[in-house]
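S.K.: Okay, handing you the structure first.
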Amino acid sequence: MEPAHTWSAHTGSAHTGSYEVVVIGGGAAGLSAALVLGRARRRTLLVDAGEPRNTPAAHMQGYLTRDGMSPAEFLAIGREEIARYGVDLVRDRAVDVTKGADFAVALAGGETVHARRLVIATGLKDELPDVPGVAERFGRDVIHCPYCHGWEVRNQAFGVLATTPMSVHQALMVSQWSKDVTLFLHTVAESELTDDDLRRLATAGVAVVPGEVAELAVESDRLTGVRLTNGVTHPREALFVAPRAIPQTGLLEQLGAELQETPFGAYPVVDPTGLTTVPGVWAAGNAMGFAEQVVNAASAGYRAGATINGDLLMADLDATVRV
């Protein structure tokens, strides 16, 4: 008989023991990996701390057949789907992992589970610019990704809050969705913009406003403008920001996985299937890269799950032959 689905707000003895695969992280990547592994009849545990990156968003876009679905609904359906295939789920946080004959994963609730293979799908956290109003409105009219939210705010008056010279690229990108775009230089000096930056901004019709932003202007729970420290308020209806990505790679670092520096943080070195430099450990979703949208994360989880199933199969066959 297939094992029954278990979902709890805490760990319990039912989850203590050995699994073929432990998946750490219950977003799109982790759920997708768990789905493939469950369907492959692998004894699998999904550990989820319940902190998805896209919590502030009311909806997600660009996922074929799921366009416009709320992230919460998407995850709830995913949990129901993997339960059909006997995957165990536990709401807890993996706080430590060690590698011996197998992988030992210590959970915050006090339990330790063991696995032959691991999927790390712990994602990343967004550190928002420290401007009053930004955090409160993030995911509504303060947004970061035009592919995620551009259609919903199309043709509105856009602002782009510069925090690095790379914000020029963001301003140029969002001009595809509106011809009324203002780049607020904020903490970026005009001298940091190159001649190519200025030429492209002018060609795209993006206005450039120097000076630090003091706060957002909000009326009736809607963004109405961006106020500078000099007191001038520029009317705007949507503000694009560039959060600083903080990859959640602590478990990978504990295992000694090699990381590589990128403009968006340090991420694990992986092969095309997500295999890290630690044998038996795969990374998927935003745990392996900044730009993984939900659909990309689900794809990466699927690929990792299928690869792990094949890896375990061949390992077991080879072990039998040696005997």
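Chain labels A, B, ... are given in the sequence in which chains occur in the structure tokens; within each chain residues are numbered consecutively from 1, and ligands are likewise numbered from 1 in the order shown.
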Just the alpha helix (DSSP H) stuff from region 94-203 of chain A, please, per backbone DSSP, written as a PyMOL selection string.

M.R.: chain A and resi 134-137+146-149+167-174+195-203

S.K.: If we count only C-alpha atoms, what is near Leu35 (chain A) at a cut-off of 10 Å, once residues fewer than 2 positions away on the same chain are taken out, given as a compact mmCIF listing (two decimals) with all heavy atoms, in the first residue's frame?

M.R.:
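Saved the output as selection-v8.txt:
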# COMPACT_ATOMS: atom_id res chain seq x y z
N ALA A 29 9.99 24.69 -7.55
CA ALA A 29 11.08 23.76 -7.86
C ALA A 29 11.01 22.51 -6.99
O ALA A 29 11.09 21.39 -7.48
CB ALA A 29 12.43 24.46 -7.68
N GLY A 30 10.85 22.71 -5.69
CA GLY A 30 10.80 21.56 -4.79
C GLY A 30 9.58 20.69 -5.02
O GLY A 30 9.67 19.46 -5.02
N LEU A 31 8.42 21.31 -5.22
CA LEU A 31 7.21 20.54 -5.47
C LEU A 31 7.32 19.74 -6.77
O LEU A 31 6.89 18.60 -6.84
CB LEU A 31 6.01 21.48 -5.54
CG LEU A 31 5.51 22.03 -4.20
CD1 LEU A 31 4.54 23.18 -4.43
CD2 LEU A 31 4.85 20.93 -3.38
N SER A 32 7.90 20.36 -7.78
CA SER A 32 8.03 19.68 -9.07
C SER A 32 8.96 18.47 -8.95
O SER A 32 8.67 17.38 -9.47
CB SER A 32 8.56 20.65 -10.12
OG SER A 32 8.61 20.05 -11.40
N ALA A 33 10.08 18.65 -8.25
CA ALA A 33 10.99 17.52 -8.04
C ALA A 33 10.30 16.41 -7.27
O ALA A 33 10.42 15.22 -7.60
CB ALA A 33 12.24 17.99 -7.30
N LEU A 37 9.54 12.47 -8.39
CA LEU A 37 10.08 11.39 -7.57
C LEU A 37 8.97 10.52 -6.98
O LEU A 37 9.09 9.30 -6.91
CB LEU A 37 10.95 11.98 -6.46
CG LEU A 37 12.26 12.59 -6.95
CD1 LEU A 37 12.84 13.54 -5.91
CD2 LEU A 37 13.27 11.49 -7.30
N GLY A 38 7.87 11.15 -6.58
CA GLY A 38 6.74 10.38 -6.07
C GLY A 38 6.16 9.48 -7.14
O GLY A 38 5.85 8.31 -6.89
N ARG A 39 6.01 10.01 -8.32
CA ARG A 39 5.49 9.21 -9.43
C ARG A 39 6.46 8.09 -9.83
O ARG A 39 6.04 7.08 -10.41
CB ARG A 39 5.19 10.11 -10.63
CG ARG A 39 3.93 10.96 -10.44
CD ARG A 39 3.70 11.88 -11.63
NE ARG A 39 3.66 11.15 -12.89
CZ ARG A 39 2.59 10.49 -13.37
NH1 ARG A 39 1.46 10.47 -12.68
NH2 ARG A 39 2.65 9.87 -14.53
N ALA A 40 7.73 8.28 -9.53
CA ALA A 40 8.72 7.24 -9.80
C ALA A 40 8.80 6.24 -8.64
O ALA A 40 9.70 5.39 -8.63
CB ALA A 40 10.09 7.87 -10.05
N ARG A 41 7.92 6.38 -7.66
CA ARG A 41 7.81 5.46 -6.53
C ARG A 41 9.03 5.53 -5.61
O ARG A 41 9.42 4.56 -4.98
CB ARG A 41 7.56 4.02 -7.02
CG ARG A 41 6.37 3.92 -7.95
CD ARG A 41 6.18 2.51 -8.48
NE ARG A 41 5.70 1.63 -7.41
CZ ARG A 41 5.50 0.31 -7.57
NH1 ARG A 41 5.76 -0.25 -8.73
NH2 ARG A 41 5.05 -0.41 -6.57
N ARG A 42 9.63 6.72 -5.56
CA ARG A 42 10.74 6.94 -4.65
C ARG A 42 10.22 7.45 -3.31
O ARG A 42 9.38 8.35 -3.28
CB ARG A 42 11.73 7.95 -5.23
CG ARG A 42 12.43 7.48 -6.49
CD ARG A 42 13.36 6.31 -6.21
NE ARG A 42 14.03 5.85 -7.43
CZ ARG A 42 14.82 4.77 -7.47
NH1 ARG A 42 15.02 4.06 -6.36
NH2 ARG A 42 15.38 4.40 -8.60
N THR A 44 10.07 9.73 -0.65
CA THR A 44 10.51 11.12 -0.71
C THR A 44 9.88 11.94 0.41
O THR A 44 8.70 11.78 0.73
CB THR A 44 10.11 11.75 -2.07
OG1 THR A 44 10.68 10.96 -3.12
CG2 THR A 44 10.60 13.18 -2.18
N GLY A 78 -0.17 22.12 -5.68
CA GLY A 78 1.04 21.30 -5.79
C GLY A 78 1.19 20.34 -4.63
O GLY A 78 1.56 19.17 -4.81
N ARG A 79 0.89 20.80 -3.41
CA ARG A 79 0.97 19.91 -2.26
C ARG A 79 -0.04 18.78 -2.35
O ARG A 79 0.25 17.63 -2.00
CB ARG A 79 0.78 20.72 -0.97
CG ARG A 79 1.95 21.64 -0.64
CD ARG A 79 1.85 22.19 0.76
NE ARG A 79 0.80 23.19 0.91
CZ ARG A 79 0.98 24.49 0.78
NH1 ARG A 79 2.18 24.97 0.47
NH2 ARG A 79 -0.02 25.33 0.96
N GLU A 81 -1.17 17.50 -5.12
CA GLU A 81 -0.75 16.59 -6.18
C GLU A 81 0.33 15.63 -5.72
O GLU A 81 0.27 14.43 -6.01
CB GLU A 81 -0.29 17.39 -7.40
CG GLU A 81 -1.45 18.08 -8.13
CD GLU A 81 -0.99 18.87 -9.35
OE1 GLU A 81 0.24 19.07 -9.50
OE2 GLU A 81 -1.85 19.27 -10.14
N ILE A 82 1.34 16.13 -5.02
CA ILE A 82 2.41 15.22 -4.61
C ILE A 82 1.93 14.24 -3.54
O ILE A 82 2.46 13.13 -3.42
CB ILE A 82 3.68 15.97 -4.14
CG1 ILE A 82 3.43 16.75 -2.86
CG2 ILE A 82 4.20 16.89 -5.23
CD1 ILE A 82 4.70 17.33 -2.28
N ALA A 83 0.89 14.65 -2.79
CA ALA A 83 0.35 13.75 -1.78
C ALA A 83 -0.24 12.49 -2.41
O ALA A 83 -0.22 11.42 -1.80
CB ALA A 83 -0.72 14.48 -0.96
N ARG A 84 -0.75 12.61 -3.63
CA ARG A 84 -1.35 11.45 -4.29
C ARG A 84 -0.35 10.34 -4.53
O ARG A 84 -0.72 9.18 -4.70
CB ARG A 84 -1.94 11.86 -5.64
CG ARG A 84 -3.04 12.91 -5.57
CD ARG A 84 -3.40 13.36 -6.97
NE ARG A 84 -4.19 14.58 -6.95
CZ ARG A 84 -4.37 15.37 -8.00
NH1 ARG A 84 -3.79 15.04 -9.16
NH2 ARG A 84 -5.09 16.46 -7.92
N TYR A 85 0.94 10.71 -4.55
CA TYR A 85 1.97 9.73 -4.87
C TYR A 85 2.80 9.34 -3.66
O TYR A 85 3.91 8.81 -3.81
CB TYR A 85 2.85 10.28 -6.00
CG TYR A 85 2.04 10.61 -7.23
CD1 TYR A 85 1.72 11.92 -7.54
CD2 TYR A 85 1.54 9.60 -8.03
CE1 TYR A 85 0.94 12.22 -8.65
CE2 TYR A 85 0.76 9.88 -9.15
CZ TYR A 85 0.46 11.20 -9.44
OH TYR A 85 -0.32 11.49 -10.54
N GLY A 86 2.26 9.60 -2.47
CA GLY A 86 2.90 9.12 -1.26
C GLY A 86 4.06 9.94 -0.75
O GLY A 86 4.82 9.47 0.11
N VAL A 87 4.26 11.13 -1.27
CA VAL A 87 5.34 11.99 -0.78
C VAL A 87 4.96 12.52 0.61
O VAL A 87 3.85 13.02 0.81
CB VAL A 87 5.58 13.16 -1.74
CG1 VAL A 87 6.61 14.14 -1.15
CG2 VAL A 87 6.04 12.65 -3.10
N GLY A 301 13.09 21.71 -11.28
CA GLY A 301 12.75 20.67 -10.32
C GLY A 301 12.42 19.35 -11.00
O GLY A 301 12.83 18.28 -10.54
N TYR A 302 11.67 19.42 -12.09
CA TYR A 302 11.34 18.23 -12.86
C TYR A 302 12.61 17.54 -13.36
O TYR A 302 12.78 16.33 -13.22
CB TYR A 302 10.44 18.61 -14.04
CG TYR A 302 9.86 17.44 -14.79
CD1 TYR A 302 8.52 17.11 -14.65
CD2 TYR A 302 10.64 16.65 -15.63
CE1 TYR A 302 7.97 16.02 -15.32
CE2 TYR A 302 10.11 15.57 -16.31
CZ TYR A 302 8.77 15.25 -16.15
OH TYR A 302 8.24 14.18 -16.82
N GLY A 305 14.49 15.92 -10.49
CA GLY A 305 13.82 14.72 -10.02
C GLY A 305 14.02 13.53 -10.94
O GLY A 305 14.31 12.41 -10.50
N ALA A 306 13.87 13.76 -12.25
CA ALA A 306 14.05 12.67 -13.21
C ALA A 306 15.49 12.17 -13.22
O ALA A 306 15.74 10.96 -13.31
CB ALA A 306 13.64 13.15 -14.61

S.K.: Got a sec: who's within 10 Å of Ala101 (chain A), counting only C-alpha atoms, leaving out chain neighbours fewer than 6 positions off, as a list in words?

M.R.: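 Close residues of Ala101 (chain A): His114, Ala115 and Arg116 of chain A.
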
S.K.: Just want the 12 Å neighbourhood of Asp271 (chain A), counted on only C-alpha atoms, with same-chain residues fewer than 3 positions away dropped. Output as a list in words.

M.R.: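 Listed by chain and then number, they are Glu258, Pro268, Gly274, Leu275, Thr276, Thr277, Val278, Pro279, Val281, Trp282, Ala283, Ala284, Met288, Ala300, Arg303, Ala304 and Thr307 of chain A.
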
S.K.: List the neighbours of Ala217 (chain A) out to 12 Å using only C-alpha atoms; skip same-chain residues closer than 4 positions along the sequence, and give me the result as a ChimeraX atom specification.

M.R.: /A:131-134,137,141-142,213,221-228,231-239

S.K.: Between CA of Leu124 (chain A) and CA of Gln176 (chain A), what is the spacing in Å?

M.R.: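 Calculated distance between CA of Gln176 (chain A) and CA of Leu124 (chain A) is 27.1 Å.
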
S.K.: Kindly indicate which residue among A:Gly205, A:Pro165, A:Gly150, A:Pro263 lies nearest to His186 (chain A), using only C-alpha atoms for the distances.

M.R.: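 Checking each candidate against His186 (chain A), we get A:Pro165 as the closest.
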
S.K.: Let me make sure I understand: among A:Thr229, A:Thr187, A:Ser18, A:Gln293, which one has the smallest atom-to-atom distance to Pro146 (chain A) if we use only C-alpha atoms?

M.R.: A:Gln293

S.K.: Select, from A:Leu255, A:Val153, A:Val119, A:Ala94, the residue with the minimum atom-to-atom distance to Ser175 (chain A), counting only C-alpha atoms.

M.R.: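 The shortest atom-to-atom distance to Ser175 (chain A) comes from A:Val153.
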
S.K.: Among the residues of region 6-154 of chain A, find those DSSP assigns to strand (DSSP E or B) from the backbone and print them as a compact mmCIF listing (two decimals) with all heavy atoms, in the first residue's frame.

M.R.:
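Now in selection-v9.txt:
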# COMPACT_ATOMS: atom_id res chain seq x y z
N GLY A 17 13.36 9.09 10.00
CA GLY A 17 13.80 7.85 9.38
C GLY A 17 14.56 8.13 8.12
O GLY A 17 15.10 9.21 7.92
N SER A 18 14.58 7.15 7.25
CA SER A 18 15.38 7.23 6.04
C SER A 18 14.48 7.34 4.81
O SER A 18 13.45 6.67 4.72
CB SER A 18 16.28 5.99 5.92
OG SER A 18 17.20 5.96 6.98
N TYR A 19 14.91 8.18 3.91
CA TYR A 19 14.23 8.38 2.64
C TYR A 19 15.24 8.18 1.52
O TYR A 19 16.45 8.27 1.73
CB TYR A 19 13.65 9.79 2.55
CG TYR A 19 12.49 10.03 3.50
CD1 TYR A 19 12.72 10.41 4.82
CD2 TYR A 19 11.19 9.86 3.07
CE1 TYR A 19 11.67 10.61 5.70
CE2 TYR A 19 10.12 10.08 3.94
CZ TYR A 19 10.36 10.44 5.25
OH TYR A 19 9.32 10.64 6.11
N GLU A 20 14.72 7.92 0.35
CA GLU A 20 15.62 7.89 -0.79
C GLU A 20 16.03 9.31 -1.16
O GLU A 20 17.18 9.57 -1.50
CB GLU A 20 14.94 7.19 -1.97
CG GLU A 20 14.74 5.70 -1.72
CD GLU A 20 14.07 5.01 -2.90
OE1 GLU A 20 12.84 5.17 -3.06
OE2 GLU A 20 14.79 4.34 -3.66
N VAL A 21 15.06 10.24 -1.09
CA VAL A 21 15.34 11.63 -1.43
C VAL A 21 14.65 12.55 -0.43
O VAL A 21 13.48 12.34 -0.09
CB VAL A 21 14.85 11.99 -2.85
CG1 VAL A 21 15.30 13.41 -3.23
CG2 VAL A 21 15.34 10.98 -3.88
N VAL A 22 15.38 13.54 0.04
CA VAL A 22 14.78 14.64 0.80
C VAL A 22 14.89 15.89 -0.05
O VAL A 22 15.97 16.24 -0.53
CB VAL A 22 15.47 14.85 2.16
CG1 VAL A 22 15.00 16.16 2.80
CG2 VAL A 22 15.14 13.69 3.10
N VAL A 23 13.76 16.54 -0.25
CA VAL A 23 13.68 17.80 -0.99
C VAL A 23 13.51 18.91 0.03
O VAL A 23 12.56 18.88 0.83
CB VAL A 23 12.51 17.80 -1.99
CG1 VAL A 23 12.44 19.13 -2.73
CG2 VAL A 23 12.63 16.63 -2.96
N ILE A 24 14.40 19.88 0.02
CA ILE A 24 14.35 20.98 0.99
C ILE A 24 13.90 22.24 0.26
O ILE A 24 14.61 22.77 -0.59
CB ILE A 24 15.70 21.19 1.67
CG1 ILE A 24 16.17 19.89 2.34
CG2 ILE A 24 15.62 22.32 2.69
CD1 ILE A 24 17.57 19.95 2.91
N THR A 44 10.07 9.73 -0.65
CA THR A 44 10.51 11.12 -0.71
C THR A 44 9.88 11.94 0.41
O THR A 44 8.70 11.78 0.73
CB THR A 44 10.11 11.75 -2.07
OG1 THR A 44 10.68 10.96 -3.12
CG2 THR A 44 10.60 13.18 -2.18
N LEU A 45 10.67 12.83 0.98
CA LEU A 45 10.18 13.77 1.99
C LEU A 45 10.41 15.18 1.48
O LEU A 45 11.51 15.51 1.00
CB LEU A 45 10.93 13.59 3.31
CG LEU A 45 10.65 14.66 4.39
CD1 LEU A 45 9.22 14.55 4.90
CD2 LEU A 45 11.64 14.53 5.56
N LEU A 46 9.39 16.02 1.58
CA LEU A 46 9.52 17.45 1.26
C LEU A 46 9.49 18.23 2.55
O LEU A 46 8.53 18.15 3.33
CB LEU A 46 8.38 17.88 0.35
CG LEU A 46 8.34 19.38 -0.01
CD1 LEU A 46 9.52 19.73 -0.89
CD2 LEU A 46 7.04 19.74 -0.71
N VAL A 47 10.55 18.99 2.80
CA VAL A 47 10.64 19.85 3.99
C VAL A 47 10.42 21.28 3.54
O VAL A 47 11.16 21.80 2.69
CB VAL A 47 12.03 19.72 4.67
CG1 VAL A 47 12.11 20.64 5.89
CG2 VAL A 47 12.29 18.27 5.06
N ASP A 48 9.42 21.94 4.10
CA ASP A 48 9.07 23.29 3.65
C ASP A 48 8.92 24.23 4.84
O ASP A 48 8.10 23.98 5.74
CB ASP A 48 7.76 23.25 2.85
CG ASP A 48 7.36 24.61 2.32
OD1 ASP A 48 8.23 25.49 2.21
OD2 ASP A 48 6.17 24.80 2.01
N ASP A 88 5.86 12.38 1.57
CA ASP A 88 5.64 12.95 2.89
C ASP A 88 5.99 14.44 2.86
O ASP A 88 6.97 14.84 2.24
CB ASP A 88 6.52 12.26 3.94
CG ASP A 88 5.99 10.89 4.32
OD1 ASP A 88 4.80 10.61 4.07
OD2 ASP A 88 6.76 10.09 4.88
N LEU A 89 5.18 15.24 3.57
CA LEU A 89 5.43 16.67 3.66
C LEU A 89 5.50 17.07 5.12
O LEU A 89 4.73 16.56 5.94
CB LEU A 89 4.31 17.47 2.99
CG LEU A 89 4.07 17.25 1.51
CD1 LEU A 89 2.99 16.20 1.28
CD2 LEU A 89 3.64 18.55 0.85
N VAL A 90 6.40 17.96 5.44
CA VAL A 90 6.47 18.46 6.81
C VAL A 90 6.79 19.95 6.78
O VAL A 90 7.64 20.39 6.00
CB VAL A 90 7.53 17.69 7.63
CG1 VAL A 90 8.92 17.83 7.03
CG2 VAL A 90 7.53 18.14 9.08
N ARG A 91 6.08 20.71 7.59
CA ARG A 91 6.33 22.14 7.71
C ARG A 91 7.41 22.33 8.77
O ARG A 91 7.14 22.23 9.97
CB ARG A 91 5.05 22.88 8.10
CG ARG A 91 5.24 24.39 8.31
CD ARG A 91 5.64 25.10 7.03
NE ARG A 91 4.59 25.03 6.03
CZ ARG A 91 3.58 25.89 5.92
NH1 ARG A 91 3.46 26.88 6.76
NH2 ARG A 91 2.68 25.75 4.97
N ALA A 94 15.04 23.03 7.57
CA ALA A 94 16.29 22.29 7.65
C ALA A 94 17.38 23.24 8.12
O ALA A 94 17.62 24.28 7.50
CB ALA A 94 16.64 21.70 6.29
N VAL A 95 18.01 22.92 9.24
CA VAL A 95 18.99 23.84 9.83
C VAL A 95 20.43 23.33 9.71
O VAL A 95 21.37 24.09 9.90
CB VAL A 95 18.66 24.10 11.31
CG1 VAL A 95 17.34 24.85 11.43
CG2 VAL A 95 18.60 22.79 12.11
N ASP A 96 20.58 22.05 9.40
CA ASP A 96 21.92 21.51 9.28
C ASP A 96 21.88 20.28 8.40
O ASP A 96 20.89 19.53 8.40
CB ASP A 96 22.48 21.15 10.66
CG ASP A 96 23.94 20.74 10.60
OD1 ASP A 96 24.78 21.61 10.29
OD2 ASP A 96 24.24 19.56 10.83
N VAL A 97 22.94 20.06 7.64
CA VAL A 97 23.03 18.87 6.82
C VAL A 97 24.48 18.39 6.78
O VAL A 97 25.40 19.20 6.66
CB VAL A 97 22.48 19.12 5.40
CG1 VAL A 97 23.24 20.25 4.71
CG2 VAL A 97 22.52 17.86 4.55
N THR A 98 24.65 17.10 6.94
CA THR A 98 25.98 16.51 6.89
C THR A 98 25.95 15.30 5.97
O THR A 98 24.90 14.69 5.75
CB THR A 98 26.45 16.07 8.29
OG1 THR A 98 25.49 15.16 8.85
CG2 THR A 98 26.62 17.27 9.21
N LYS A 99 27.12 14.96 5.45
CA LYS A 99 27.23 13.84 4.53
C LYS A 99 28.14 12.78 5.11
O LYS A 99 29.28 13.05 5.47
CB LYS A 99 27.77 14.32 3.17
CG LYS A 99 27.91 13.20 2.13
CD LYS A 99 28.40 13.78 0.81
CE LYS A 99 28.73 12.71 -0.20
NZ LYS A 99 27.60 11.95 -0.66
N PHE A 103 22.99 11.30 3.66
CA PHE A 103 22.86 12.69 4.11
C PHE A 103 21.97 12.73 5.35
O PHE A 103 20.88 12.14 5.36
CB PHE A 103 22.26 13.56 3.01
CG PHE A 103 23.11 13.68 1.79
CD1 PHE A 103 22.86 12.88 0.68
CD2 PHE A 103 24.16 14.58 1.73
CE1 PHE A 103 23.65 12.97 -0.45
CE2 PHE A 103 24.95 14.68 0.61
CZ PHE A 103 24.70 13.87 -0.50
N ALA A 104 22.42 13.41 6.39
CA ALA A 104 21.63 13.60 7.60
C ALA A 104 21.16 15.05 7.63
O ALA A 104 21.97 15.97 7.61
CB ALA A 104 22.45 13.27 8.84
N VAL A 105 19.84 15.22 7.65
CA VAL A 105 19.24 16.56 7.63
C VAL A 105 18.58 16.81 8.98
O VAL A 105 17.62 16.14 9.35
CB VAL A 105 18.20 16.68 6.50
CG1 VAL A 105 17.61 18.09 6.48
CG2 VAL A 105 18.82 16.33 5.15
N ALA A 106 19.12 17.79 9.72
CA ALA A 106 18.56 18.15 11.02
C ALA A 106 17.51 19.23 10.82
O ALA A 106 17.74 20.22 10.12
CB ALA A 106 19.66 18.64 11.95
N LEU A 107 16.35 19.03 11.43
CA LEU A 107 15.24 19.97 11.31
C LEU A 107 15.12 20.82 12.58
O LEU A 107 15.49 20.38 13.67
CB LEU A 107 13.93 19.23 11.06
CG LEU A 107 13.93 18.26 9.86
CD1 LEU A 107 12.56 17.61 9.71
CD2 LEU A 107 14.32 18.99 8.58
N THR A 112 15.80 14.43 12.96
CA THR A 112 16.83 14.26 11.94
C THR A 112 16.35 13.20 10.96
O THR A 112 15.91 12.12 11.38
CB THR A 112 18.17 13.84 12.53
OG1 THR A 112 18.65 14.88 13.39
CG2 THR A 112 19.20 13.59 11.43
N VAL A 113 16.40 13.52 9.68
CA VAL A 113 16.00 12.56 8.65
C VAL A 113 17.21 12.27 7.77
O VAL A 113 18.15 13.07 7.69
CB VAL A 113 14.83 13.08 7.80
CG1 VAL A 113 13.57 13.20 8.65
CG2 VAL A 113 15.17 14.43 7.16
N HIS A 114 17.19 11.13 7.13
CA HIS A 114 18.32 10.70 6.32
C HIS A 114 17.87 10.47 4.89
O HIS A 114 16.71 10.13 4.63
CB HIS A 114 18.91 9.41 6.89
CG HIS A 114 19.47 9.58 8.26
ND1 HIS A 114 20.81 9.84 8.50
CD2 HIS A 114 18.86 9.57 9.48
CE1 HIS A 114 21.00 9.97 9.81
NE2 HIS A 114 19.84 9.80 10.43
N ALA A 115 18.79 10.69 3.95
CA ALA A 115 18.45 10.53 2.54
C ALA A 115 19.67 10.09 1.76
O ALA A 115 20.81 10.42 2.12
CB ALA A 115 17.91 11.84 1.97
N ARG A 116 19.42 9.38 0.67
CA ARG A 116 20.50 9.02 -0.24
C ARG A 116 20.84 10.17 -1.18
O ARG A 116 21.96 10.31 -1.63
CB ARG A 116 20.09 7.78 -1.05
CG ARG A 116 19.85 6.55 -0.20
CD ARG A 116 19.28 5.40 -1.04
NE ARG A 116 20.22 4.99 -2.09
CZ ARG A 116 19.88 4.16 -3.07
NH1 ARG A 116 18.65 3.68 -3.15
NH2 ARG A 116 20.79 3.82 -3.99
N ARG A 117 19.85 10.98 -1.51
CA ARG A 117 20.05 12.11 -2.40
C ARG A 117 19.29 13.32 -1.85
O ARG A 117 18.28 13.17 -1.14
CB ARG A 117 19.53 11.82 -3.82
CG ARG A 117 20.15 10.58 -4.49
CD ARG A 117 21.60 10.81 -4.84
NE ARG A 117 22.14 9.69 -5.61
CZ ARG A 117 22.72 8.60 -5.09
NH1 ARG A 117 22.79 8.49 -3.75
NH2 ARG A 117 23.19 7.65 -5.86
N LEU A 118 19.77 14.51 -2.19
CA LEU A 118 19.14 15.75 -1.74
C LEU A 118 18.82 16.66 -2.92
O LEU A 118 19.58 16.72 -3.89
CB LEU A 118 20.08 16.53 -0.81
CG LEU A 118 20.40 15.98 0.58
CD1 LEU A 118 21.34 16.94 1.29
CD2 LEU A 118 19.12 15.76 1.39
N VAL A 119 17.70 17.37 -2.78
CA VAL A 119 17.40 18.49 -3.67
C VAL A 119 17.31 19.73 -2.79
O VAL A 119 16.51 19.78 -1.85
CB VAL A 119 16.07 18.30 -4.42
CG1 VAL A 119 15.77 19.53 -5.29
CG2 VAL A 119 16.11 17.04 -5.29
N ILE A 120 18.15 20.71 -3.08
CA ILE A 120 18.12 21.98 -2.34
C ILE A 120 17.37 23.00 -3.19
O ILE A 120 17.85 23.42 -4.25
CB ILE A 120 19.54 22.49 -2.03
CG1 ILE A 120 20.37 21.42 -1.32
CG2 ILE A 120 19.47 23.76 -1.20
CD1 ILE A 120 19.86 21.02 0.04
N LEU A 124 15.70 32.23 -2.65
CA LEU A 124 16.43 33.42 -2.22
C LEU A 124 15.48 34.38 -1.55
O LEU A 124 14.25 34.24 -1.63
CB LEU A 124 17.13 34.08 -3.41
CG LEU A 124 16.30 34.59 -4.60
CD1 LEU A 124 15.65 35.94 -4.32
CD2 LEU A 124 17.17 34.69 -5.84
N LYS A 125 16.04 35.36 -0.89
CA LYS A 125 15.25 36.41 -0.26
C LYS A 125 15.54 37.73 -0.97
O LYS A 125 16.66 37.96 -1.44
CB LYS A 125 15.58 36.54 1.23
CG LYS A 125 15.09 35.37 2.07
CD LYS A 125 15.34 35.61 3.55
CE LYS A 125 14.85 34.44 4.39
NZ LYS A 125 13.40 34.24 4.30
N ASP A 126 14.54 38.58 -1.04
CA ASP A 126 14.68 39.89 -1.66
C ASP A 126 14.87 40.94 -0.57
O ASP A 126 14.01 41.11 0.30
CB ASP A 126 13.43 40.25 -2.48
CG ASP A 126 13.30 39.38 -3.72
OD1 ASP A 126 14.27 39.29 -4.48
OD2 ASP A 126 12.21 38.81 -3.93
N GLU A 127 16.01 41.64 -0.63
CA GLU A 127 16.25 42.76 0.30
C GLU A 127 15.90 44.04 -0.44
O GLU A 127 16.57 44.43 -1.39
CB GLU A 127 17.70 42.77 0.75
CG GLU A 127 18.00 43.84 1.79
CD GLU A 127 19.46 43.80 2.23
OE1 GLU A 127 20.29 44.47 1.57
OE2 GLU A 127 19.75 43.07 3.18
N PHE A 138 5.27 46.53 -1.91
CA PHE A 138 5.94 45.58 -2.79
C PHE A 138 4.98 44.45 -3.17
O PHE A 138 4.30 43.87 -2.32
CB PHE A 138 7.17 45.00 -2.10
CG PHE A 138 8.02 44.15 -3.00
CD1 PHE A 138 8.55 44.66 -4.18
CD2 PHE A 138 8.31 42.83 -2.68
CE1 PHE A 138 9.35 43.90 -5.02
CE2 PHE A 138 9.11 42.05 -3.50
CZ PHE A 138 9.62 42.58 -4.68
N VAL A 142 4.45 48.56 -6.32
CA VAL A 142 5.91 48.55 -6.30
C VAL A 142 6.32 47.14 -6.72
O VAL A 142 6.01 46.17 -6.02
CB VAL A 142 6.48 48.89 -4.91
CG1 VAL A 142 8.00 48.73 -4.90
CG2 VAL A 142 6.11 50.32 -4.52
N ILE A 143 6.98 47.03 -7.84
CA ILE A 143 7.23 45.72 -8.46
C ILE A 143 8.67 45.67 -8.96
O ILE A 143 9.36 46.69 -8.98
CB ILE A 143 6.23 45.45 -9.60
CG1 ILE A 143 6.15 46.66 -10.54
CG2 ILE A 143 4.85 45.13 -9.04
CD1 ILE A 143 5.09 46.60 -11.60

S.K.: Identify which of the residues A:Ala242, A:Ala157, A:Ala189, A:Ala72 lies closest to Val206 (chain A), counting only C-alpha atoms when measuring atom-to-atom distances.

M.R.: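 Going through A:Ala242, A:Ala157, A:Ala189, A:Ala72 one by one, the smallest distance to Val206 (chain A) is for A:Ala157.
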
S.K.: Taking 6 positions as the minimum chain separation for residues in the same chain, which residues sit within 12 Å of Ala58 (chain A) when counting only C-alpha atoms? Answer as a list in words.

M.R.: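 That gives Asp67, Gly68, Met69, Ser70, Pro71, Ala72, Glu73, Phe74, Arg137, Phe138, Gly139, Arg140, Asp141, Ile143, Cys148, His149 and Glu152 of chain A.
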
S.K.: Got a sec: who's within 12 Å of Val168 (chain A), counting only C-alpha atoms, leaving out chain neighbours fewer than 5 positions off, as a PyMOL selection string?

M.R.: chain A and resi 159-163+173-175+181-185+188+190+192-202+204+206-208+240-242

S.K.: Do you have, as CSV, the list of residues of region 86-127 of chain A lying at most 12 Å from region 294-297 of chain A, each with its nearest atom pair and that distance in Å to one decimal, counting only C-alpha atoms and ordered by chain then number?

M.R.:
residue,atom,partner,partner_atom,distance
A:Ile120,CA,A:Ala297,CA,11.9
A:Ala121,CA,A:Ala297,CA,8.9
A:Thr122,CA,A:Ala297,CA,11.3
A:Gly123,CA,A:Ala297,CA,9.5

S.K.: In Å, how far is it from CA of Asp92 (chain A) to CA of Gly50 (chain A)?

M.R.: 7.9 Å
